[in-house]
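What follows is a short report on a single structure.
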Amino acid sequence: MKLKLKLLVGIQLMLSLELIAQKIDLPKNSFYIQLNEHQRKYLQIAKLGGFPFIRMPQKHYVINDSSKNIYSLKKYLLLSNDLIVNDSTKIFTQKLFDAIMHYQVRMGLNANGKIDAATRKEMNTSIAVRLTQMEINLQRMRLIKNTLNNNFIVINIPEFKLHIVEDNVSIYAANVVVGKAGTQTLVFKDSISSVVLNPYWNIPSSIIYKEILPKIFKNKNYLVENNMEMLSDSPPIIRQVPGNTNSLGKMKFLFPNSHNIYLHDTPEKYLFKNYKRALSHGCIRVENPKVVAIYLLRNSTQWNASAIDSVLITNVETPIQLAPKVPIYIVYFTAWVNFKGELNFRKDVYKKDKIFVK
């Protein structure tokens, strides 16, 4: 453990010296700046011995329980900035319960205030691993070299969240469903150019061959039952007509790209209740997409909430061009600082961190 930590500190020092020697300006985007600050704090914690080890209690603590393990828990959460008040007692308090929940939210866990197996596993992840995780993500953030646009949308794949950002403040956050490991959502920057109400779903050929055609072979009424129509037999071209059962839901948001990725609604609302939401073919499903649509169309004198609703009650496909376009960043951060200034860690859902670790 100590050897790994010394090696990591040495690497960090070498990187800093190399940047100074080469007179390379550090990135100025807020993602990088804030995570870099928290990395320094973790290096200081590491020099002082790191976080205390958290033991699994025989039962879940409730308010006023007493245990010697509770003191270690309080010390940990004080170091991690989840517990605000330094409390050296061995009593399980409401403030400690709240601090545990706060920690669980930062880790993307079920916020239940209990030291369950998942919470204990995150707490006992070594500080050397956390420092490595932060360095990996700082490398990703170096690719966003300049300052970000003032207003933009960002989707962090491991967080399963969409944020609408204005002046570096998240004014709205929504759960999203991203691509499965086998059909990953890709990382890139683009600009949202249009909103489409009541969209057709032009089914990708890969899905047609792998999923749709086998189902048609088993059930000749499959297309009719699923509101689909075949536009061509050879090659097969199939689309799903607009409606409440359309796989894109009642709207989609386009930023034309070679990856054929876009944002859209979905009739499968239950998926947003899952903590792990890597479940799609690669496109991004958005919870409460109407809020996103209203934001994107906020500069329009024609398209307010009532006008949008008047179209949504029909099944008529209606594309709306945006002016100006809205920048969108699709990122992959397993360690980052959120818009409240809180350090977050997430699981490496696509195993991309391993590329950086030899």
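By convention in this document, the chains of the structure tokens carry letters A, B, ... by their order, each chain's residues are numbered from 1, and ligands are numbered from 1 in the order they are shown.
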
message: Give me the residues near Pro256 of chain A as number ranges by chain, where near means some atom within 9 Å (using only C-alpha atoms) and where sequence neighbours in that chain fewer than 5 positions away do not count.
response: A: 190-193, 261-262

task: Tell me, as a PyMOL selection string, which residues lie within 10 Å of Val177 of chain A, counting only C-alpha atoms; anything in the same chain fewer than 6 positions away does not count.
output: chain A and resi 157+160-162+185+263-264+266+271-272+274+276-287

Phe345 of chain A surroundings by only C-alpha atoms, 8 Å radius, close-in-sequence under 4 positions cut, as a PyMOL selection string: chain A and resi 106-108+334-336

With N, CA and C atoms retained, write the just-selected residues as a compact mmCIF listing (two decimals), in the first residue's frame.
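What ended up in again_36.txt:
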# COMPACT_ATOMS: atom_id res chain seq x y z
N ARG A 106 -22.93 10.84 -3.23
CA ARG A 106 -21.71 11.16 -3.96
C ARG A 106 -21.11 9.94 -4.65
N MET A 107 -21.40 8.77 -4.13
CA MET A 107 -20.88 7.53 -4.70
C MET A 107 -21.87 6.86 -5.67
N GLY A 108 -23.05 7.45 -5.82
CA GLY A 108 -24.06 6.85 -6.69
C GLY A 108 -24.70 5.62 -6.10
N THR A 334 -15.41 8.99 -14.20
CA THR A 334 -15.68 8.14 -13.04
C THR A 334 -15.27 8.83 -11.75
N ALA A 335 -14.61 9.98 -11.88
CA ALA A 335 -14.32 10.85 -10.73
C ALA A 335 -14.45 12.28 -11.22
N TRP A 336 -15.22 13.08 -10.52
CA TRP A 336 -15.41 14.47 -10.92
C TRP A 336 -15.99 15.25 -9.75

task: Would you please extract all alpha helix (DSSP H) residues from segment 61-166 of chain A, as assigned by DSSP on the backbone, and give them as a PyMOL selection string?
output: chain A and resi 68-79+94-106+117-123+127-142

- prompt: Do you know which residues are at most 9 Å from Ser67 of chain A counting only C-alpha atoms, after dropping those on the same chain fewer than 6 positions away, and could you put them as a list of chain:residue names?
  reply: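 Those residues are A:Pro57, A:Lys90, A:Ile91, A:Phe92.
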
field: Counting only C-alpha atoms, the residue of A:Leu78, A:Val85, A:Met141, A:Ile203 that sits nearest Asn260 of chain A
entry: A:Ile203

- prompt: With distances taken over only C-alpha atoms, which of A:Ser126, A:Asn137, A:Ser306, A:Thr318 is nearest to Tyr332 of chain A?
  reply: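 Checking each of A:Ser126, A:Asn137, A:Ser306, A:Thr318 against Tyr332 of chain A, counting only C-alpha atoms, the winner is A:Asn137.
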
- request: Go through segment 203-337 of chain A and collect every residue that DSSP, computed from the backbone, puts in strand (DSSP E); the answer should be as a ChimeraX atom specification.
  value: /A:228-233,236-240,251-254,263-264,278-280,284-286,318-331,335-337

Grab the residues selected above and save them as a PDB file, in the first residue's frame with C-alpha atoms.
ATOM      1  CA  MET A 228     -44.060  -0.558 -37.634  1.00  0.00           C
ATOM      2  CA  GLU A 229     -44.028  -0.324 -41.393  1.00  0.00           C
ATOM      3  CA  MET A 230     -41.629  -1.807 -43.933  1.00  0.00           C
ATOM      4  CA  LEU A 231     -40.553   0.747 -46.529  1.00  0.00           C
ATOM      5  CA  SER A 232     -38.331  -1.636 -48.477  1.00  0.00           C
ATOM      6  CA  ASP A 233     -37.801  -5.397 -48.667  1.00  0.00           C
ATOM      7  CA  PRO A 236     -35.022  -4.133 -45.440  1.00  0.00           C
ATOM      8  CA  ILE A 237     -35.965  -0.614 -44.280  1.00  0.00           C
ATOM      9  CA  ILE A 238     -38.358  -0.451 -41.342  1.00  0.00           C
ATOM     10  CA  ARG A 239     -39.640   2.423 -39.248  1.00  0.00           C
ATOM     11  CA  GLN A 240     -41.961   2.727 -36.268  1.00  0.00           C
ATOM     12  CA  MET A 251     -39.741  13.529 -28.780  1.00  0.00           C
ATOM     13  CA  LYS A 252     -36.105  13.345 -29.764  1.00  0.00           C
ATOM     14  CA  PHE A 253     -33.216  15.816 -29.776  1.00  0.00           C
ATOM     15  CA  LEU A 254     -30.820  15.735 -32.722  1.00  0.00           C
ATOM     16  CA  LEU A 263     -31.344  12.004 -27.077  1.00  0.00           C
ATOM     17  CA  HIS A 264     -34.930  10.802 -26.903  1.00  0.00           C
ATOM     18  CA  ALA A 278     -26.527   1.187 -19.053  1.00  0.00           C
ATOM     19  CA  LEU A 279     -29.401  -0.460 -20.932  1.00  0.00           C
ATOM     20  CA  SER A 280     -29.822   1.059 -24.415  1.00  0.00           C
ATOM     21  CA  ILE A 284     -29.547   8.276 -24.662  1.00  0.00           C
ATOM     22  CA  ARG A 285     -33.023   8.080 -23.146  1.00  0.00           C
ATOM     23  CA  VAL A 286     -34.014  11.102 -21.068  1.00  0.00           C
ATOM     24  CA  THR A 318     -42.996  17.947 -36.177  1.00  0.00           C
ATOM     25  CA  PRO A 319     -39.319  18.957 -36.464  1.00  0.00           C
ATOM     26  CA  ILE A 320     -38.270  22.273 -34.909  1.00  0.00           C
ATOM     27  CA  GLN A 321     -34.918  23.862 -35.732  1.00  0.00           C
ATOM     28  CA  LEU A 322     -32.987  25.548 -32.919  1.00  0.00           C
ATOM     29  CA  ALA A 323     -31.434  28.974 -33.207  1.00  0.00           C
ATOM     30  CA  PRO A 324     -28.908  29.196 -31.762  1.00  0.00           C
ATOM     31  CA  LYS A 325     -27.783  25.587 -31.433  1.00  0.00           C
ATOM     32  CA  VAL A 326     -26.996  24.343 -27.936  1.00  0.00           C
ATOM     33  CA  PRO A 327     -23.598  22.745 -27.196  1.00  0.00           C
ATOM     34  CA  ILE A 328     -23.713  19.234 -25.765  1.00  0.00           C
ATOM     35  CA  TYR A 329     -20.863  17.331 -24.126  1.00  0.00           C
ATOM     36  CA  ILE A 330     -21.068  13.564 -23.710  1.00  0.00           C
ATOM     37  CA  VAL A 331     -18.316  12.706 -21.227  1.00  0.00           C
ATOM     38  CA  ALA A 335     -14.319  10.848 -10.733  1.00  0.00           C
ATOM     39  CA  TRP A 336     -15.413  14.471 -10.921  1.00  0.00           C
ATOM     40  CA  VAL A 337     -16.592  17.444  -8.874  1.00  0.00           C
TER      41      VAL A 337
END

- prompt: Looking at only C-alpha atoms, which of A:Gly182, A:Asn226, A:Glu268, A:Pro235 is the one that sits closest to Pro204 of chain A?
  reply: A:Pro235

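Considering only C-alpha atoms, the residue among A:Gln139, A:Asn81, A:Thr125, A:Gln39 positioned nearest to Ile355 of chain A is A:Gln139.
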
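Within 9 Å of Tyr200 of chain A, once only C-alpha atoms are used and residues closer than 5 positions along the same chain are dropped, the contacting residues are Arg239, Gln240, Val241, Pro242, Gly243, Asn246, Leu248 and Glu317 of chain A.
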
The selected residues should be written to file as a CSV table (one decimal), in the first residue's frame (atoms: C-alpha atoms).
chain,number,residue,atom,x,y,z
A,239,ARG,CA,-39.6,2.4,-39.2
A,240,GLN,CA,-42.0,2.7,-36.3
A,241,VAL,CA,-44.7,5.3,-36.6
A,242,PRO,CA,-45.3,8.1,-34.1
A,243,GLY,CA,-47.4,7.3,-31.0
A,246,ASN,CA,-42.9,4.4,-30.2
A,248,LEU,CA,-38.4,7.1,-29.0
A,317,GLU,CA,-44.1,14.3,-36.7

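Note that atom CA of Val187 of chain A and atom CA of Val291 of chain A are 23.6 Å apart.
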
query: Pick the closest to Asn315 of chain A from A:Leu48, A:Ile100, A:Leu197, A:Ile115: which is it, counting only C-alpha atoms?
result: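 Closest candidate: A:Leu197.
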
- line: From the list A:Leu77, A:Ile63, A:Leu83, A:Met134, the nearest residue to His38 of chain A using only C-alpha atoms is A:Met134

Near-Ile164 of chain A list (9 Å; only C-alpha atoms; drop same-chain fewer than 5 positions) as a PyMOL selection string: chain A and resi 151-154+169-174+292+295

Residues just named, written with N, CA and C atoms as a PDB file, in the first residue's frame:
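Contents of selection08.pdb, as written:
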ATOM      1  N   ASN A 151     -23.398  28.268 -21.569  1.00  0.00           N
ATOM      2  CA  ASN A 151     -24.626  27.479 -21.480  1.00  0.00           C
ATOM      3  C   ASN A 151     -24.450  26.210 -22.310  1.00  0.00           C
ATOM      4  N   PHE A 152     -24.695  25.078 -21.701  1.00  0.00           N
ATOM      5  CA  PHE A 152     -24.526  23.825 -22.423  1.00  0.00           C
ATOM      6  C   PHE A 152     -25.259  22.703 -21.706  1.00  0.00           C
ATOM      7  N   ILE A 153     -25.343  21.575 -22.375  1.00  0.00           N
ATOM      8  CA  ILE A 153     -25.864  20.352 -21.779  1.00  0.00           C
ATOM      9  C   ILE A 153     -24.719  19.360 -21.681  1.00  0.00           C
ATOM     10  N   VAL A 154     -24.602  18.697 -20.548  1.00  0.00           N
ATOM     11  CA  VAL A 154     -23.559  17.688 -20.380  1.00  0.00           C
ATOM     12  C   VAL A 154     -24.188  16.400 -19.868  1.00  0.00           C
ATOM     13  N   VAL A 169     -23.516  26.521 -13.490  1.00  0.00           N
ATOM     14  CA  VAL A 169     -24.472  26.039 -12.485  1.00  0.00           C
ATOM     15  C   VAL A 169     -25.451  25.095 -13.170  1.00  0.00           C
ATOM     16  N   SER A 170     -25.666  23.929 -12.567  1.00  0.00           N
ATOM     17  CA  SER A 170     -26.642  22.990 -13.105  1.00  0.00           C
ATOM     18  C   SER A 170     -28.033  23.466 -12.698  1.00  0.00           C
ATOM     19  N   ILE A 171     -28.806  23.948 -13.672  1.00  0.00           N
ATOM     20  CA  ILE A 171     -30.144  24.458 -13.358  1.00  0.00           C
ATOM     21  C   ILE A 171     -31.191  23.355 -13.453  1.00  0.00           C
ATOM     22  N   TYR A 172     -30.813  22.217 -14.023  1.00  0.00           N
ATOM     23  CA  TYR A 172     -31.733  21.079 -14.095  1.00  0.00           C
ATOM     24  C   TYR A 172     -30.922  19.814 -14.322  1.00  0.00           C
ATOM     25  N   ALA A 173     -31.305  18.733 -13.640  1.00  0.00           N
ATOM     26  CA  ALA A 173     -30.656  17.435 -13.817  1.00  0.00           C
ATOM     27  C   ALA A 173     -31.721  16.379 -14.032  1.00  0.00           C
ATOM     28  N   ALA A 174     -31.446  15.461 -14.958  1.00  0.00           N
ATOM     29  CA  ALA A 174     -32.395  14.395 -15.263  1.00  0.00           C
ATOM     30  C   ALA A 174     -31.662  13.063 -15.355  1.00  0.00           C
ATOM     31  N   VAL A 292     -36.532  19.401 -20.963  1.00  0.00           N
ATOM     32  CA  VAL A 292     -35.386  19.675 -21.836  1.00  0.00           C
ATOM     33  C   VAL A 292     -35.850  20.420 -23.094  1.00  0.00           C
ATOM     34  N   TYR A 295     -36.589  24.039 -22.379  1.00  0.00           N
ATOM     35  CA  TYR A 295     -35.346  24.801 -22.224  1.00  0.00           C
ATOM     36  C   TYR A 295     -34.721  25.103 -23.591  1.00  0.00           C
TER      37      TYR A 295
END

task: Could you tell me how far atom CA of Phe31 of chain A lies from atom CA of Val349 of chain A, in Å and to one decimal?
output: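 If I compute the distance from atom CA of Phe31 of chain A to atom CA of Val349 of chain A, I get 20.0 Å.
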
query: Hey, can you check how far atom CA of Arg346 of chain A sits from atom CA of Tyr103 of chain A?
result: 12.1 Å
